[in-house]
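Input: a single structure, listed below in C-alpha cells.
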Amino acid sequence: MFNTILGAVTGNIWRAVAIVALIFAGVQTVRVHFKDVQIEAEQTAHAKTKITYREAQVKAQELERKRIDSVVKQQETINENRAVKYNERITALDARVAQLLRRREETRGKTNLQSVSSIPDTSSGTYAETGEDGFPTLSLEDRVIATETAIRLEELQTWVKEQVAIDPNKLKKEE
C-alpha cells in the first residue's frame, strides 16, 4: 500500500512537474510573441515619426523659401518705386533748369548781353552778392546741385523707412 501511495504521489509529481513545465513554456512563448509584437509596433511608430519629421522639414523649407521670396519681392518693389519716383523728380528738376536757362538766354538776348543783376555770373567761383539773410546768393548750377542732393537724400530716407518697415519674419499673403 505504501508503494502504491508512493507510486501515485511520485507519478503525480512528475506529471505535475511536466504540466508546470508545459505551462511555463507556453507562458514564455506568449511573452516572446507579445514582445515581438511590441518591438514591431515601436519600429512602425518610429518609422512613421521619421516620415512625419521629413515631411515637416520639407514643409518648413517650402515656407522659408516662400517667406524669403516674399521679402525679396517687397524689397524689389520698393527699389523700383523709389527709382521711378527719383527719376521723376530729377526729370522735373531738369525741365525746370532748362526752362530757367531758356529764360536766362532770352533775357540776355533782350538786353544785348548786358549784365542781369538777378542772374549773377559766378564763373569765377566766388559769389557776387549776398541775399537779405546774409548768405551768399547761389548760382543756378549750385542750386541745381543742392536740389539734386536734397532729392537723393529725401529718396534715400524714404527708401530706408520703407525697407525697415518690411517684417522679414512674416509671409506676405499673395494678392
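Residue names in the C-alpha cells use chain letters A, B, ... in the order shown, residue numbers from 1 in each chain, and ligand numbers from 1 in the order shown.
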### Message
Can you pull out the residues contacting range 144-146 of chain A? Cut-off 9 Å, using only C-alpha atoms, and skip same-chain residues under 3 positions away; I want them as a PyMOL selection string.
### Response
chain A and resi 93-94+97+139-141+149-151
### Message
Taking the DSSP secondary structure from the backbone, can you list the residues of range 33-148 of chain A that are alpha helix (DSSP H), as a VMD selection string?
### Response
chain A and resid 33 to 110 140 to 148
### Query
What is the CA of Ile166 in chain A to CA of Lys59 in chain A distance in Å?
23.3 Å
### Message
Which residues are close to Thr77 in chain A, i.e. within 12 Å by only C-alpha atoms, leaving aside same-chain residues fewer than 6 positions away? Reply as a ChimeraX atom specification.
### Response
/A:70-71,83-84,159,162-163,166
### Query
Which polymer residues have any atom within 12 Å of an atom of Arg96 in chain A, counting only C-alpha atoms, with same-chain residues fewer than 4 positions away left out, as a ChimeraX atom specification?
/A:89-92,100-103,140,143-144,147
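Relative to CA of Asp167 in chain A, CA of Glu62 in chain A is found at 18.4 Å.
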